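Structure first, then comments.
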Amino acid sequence: MGFFVVLTLLRTGTLVLWHLARGAFSALFFFACFYFLFRYLRPEKHKKGFAFLSFFAVFGSLLFVWTYVQLSKTGFNMKMPLFYKEVFSGREEIWTEVWNMLIERPLTGIGSGYELKSFFEYNMHNAMYDILVVHGVIVFAISAYIIISRLMQMRDRVMDSVYTHIAASAVFAIFFESFIDMDLMWADYTPVLLFLLYTVYHGAALWSEEGRS
């Protein structure tokens with residue numbers, strides 16, 4: 001297990017340092033935060049805190065969109081240290097554009113065939129906002145309920161073993177990294193996310209049985 005952790009850190013470090021990937025850096029940062037958070041504030045003992053975290057993983061994403069857009073209107077901007085992009089590098093334009101379209105059809109959403117005027121490809125750069133904008137309020141509400149329910153079910157399993165601890169930390173890291181990107185929904189990342197979720201829900205039982213055999 002340690003080998004895979006080291007391999008993952010090396011790969012993430014390569015993305016951050018060589019490709020200057022903000023998403024990889026934020027995912028690594030959030031993973032470290034949640035790893036130590038769950039270690040010292042065990043979810044099964046801090047149920048309200050874990051419930052808030054699960055809600056924020058979904059609705060905090062939309063709050064981030066609103067906050068980011070509002071801050072961009074102040075005129076402040078700067079180039080981020082290490083990375084080659086500025087703090088406000090275009091996401092605010094995408095999010096404002098699709099919001100203006102969404103308010104015209106809030107129930108059904110704008111669909112995935114919409115051609116952005118503010119970006120060269122259809123990339124919402126925010127997973128939860130993508131669900132809301134593309135599919136509308138009803139589908140988003142159903143999706144939010146399902147996602148939060150499943151995250152809440154992780155609460156008593158997070159600290160079952162070192163495997164579930166690492167996997168749960170990674171799951172929440174992906175959710176929070178998806179405030180600024182789409183890794184939560186990219187097809188390429190789906191097998192990884194499914195593996196992490198499977199590890200959280202079933203990993204402790206599988207490895208404990210393996211240890212007894």
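Chain lettering (A, B, ...) mirrors the order of the structure tokens, residue numbering begins at 1 for each chain separately, and ligand numbering begins at 1 in order of display.
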Tell me, counting only C-alpha atoms, for each residue of segment 165-187 of chain A within 9 Å of segment 47-67 of chain A, which pair of atoms is nearest and how far apart they are in Å to one decimal, in rows ordered by chain and increasing number, as a tab-separated table.
```
residue	atom	partner	partner_atom	distance
A:Phe172	CA	A:Ala57	CA	7.3
A:Phe175	CA	A:Ala57	CA	6.0
A:Phe176	CA	A:Ala57	CA	6.2
A:Ser178	CA	A:Ser61	CA	7.8
A:Phe179	CA	A:Ser61	CA	5.1
A:Ile180	CA	A:Ser61	CA	8.5
```
Fill in: Interatomic distance (Å, one decimal) between atom CA of Gly90 of chain A and atom CA of Met182 of chain A
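Atom-to-atom, atom CA of Gly90 of chain A to atom CA of Met182 of chain A, that is 15.2 Å.
For the set A:Pro43, A:Gly111, A:Gly23, A:Gly75, the residue with the smallest atom-to-atom gap to Asn126 of chain A is A:Gly23, counting only C-alpha atoms.
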task: For atom CA of Trp99 of chain A and atom CA of Ala173 of chain A, determine how far apart the two atoms are, in Å to one decimal place.
output: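 We find that atom CA of Trp99 of chain A and atom CA of Ala173 of chain A lie 25.9 Å from each other.
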In Å and to one decimal, atom CA of Trp186 of chain A is distant from atom CA of Tyr122 of chain A by 12.6 Å
| request: Give the alpha helix (DSSP H) residues of chain A, as assigned by DSSP on the backbone, as a PyMOL selection string. | output: chain A and resi 2-17+22-40+47-72+91-102+127-153+162-177+190-212
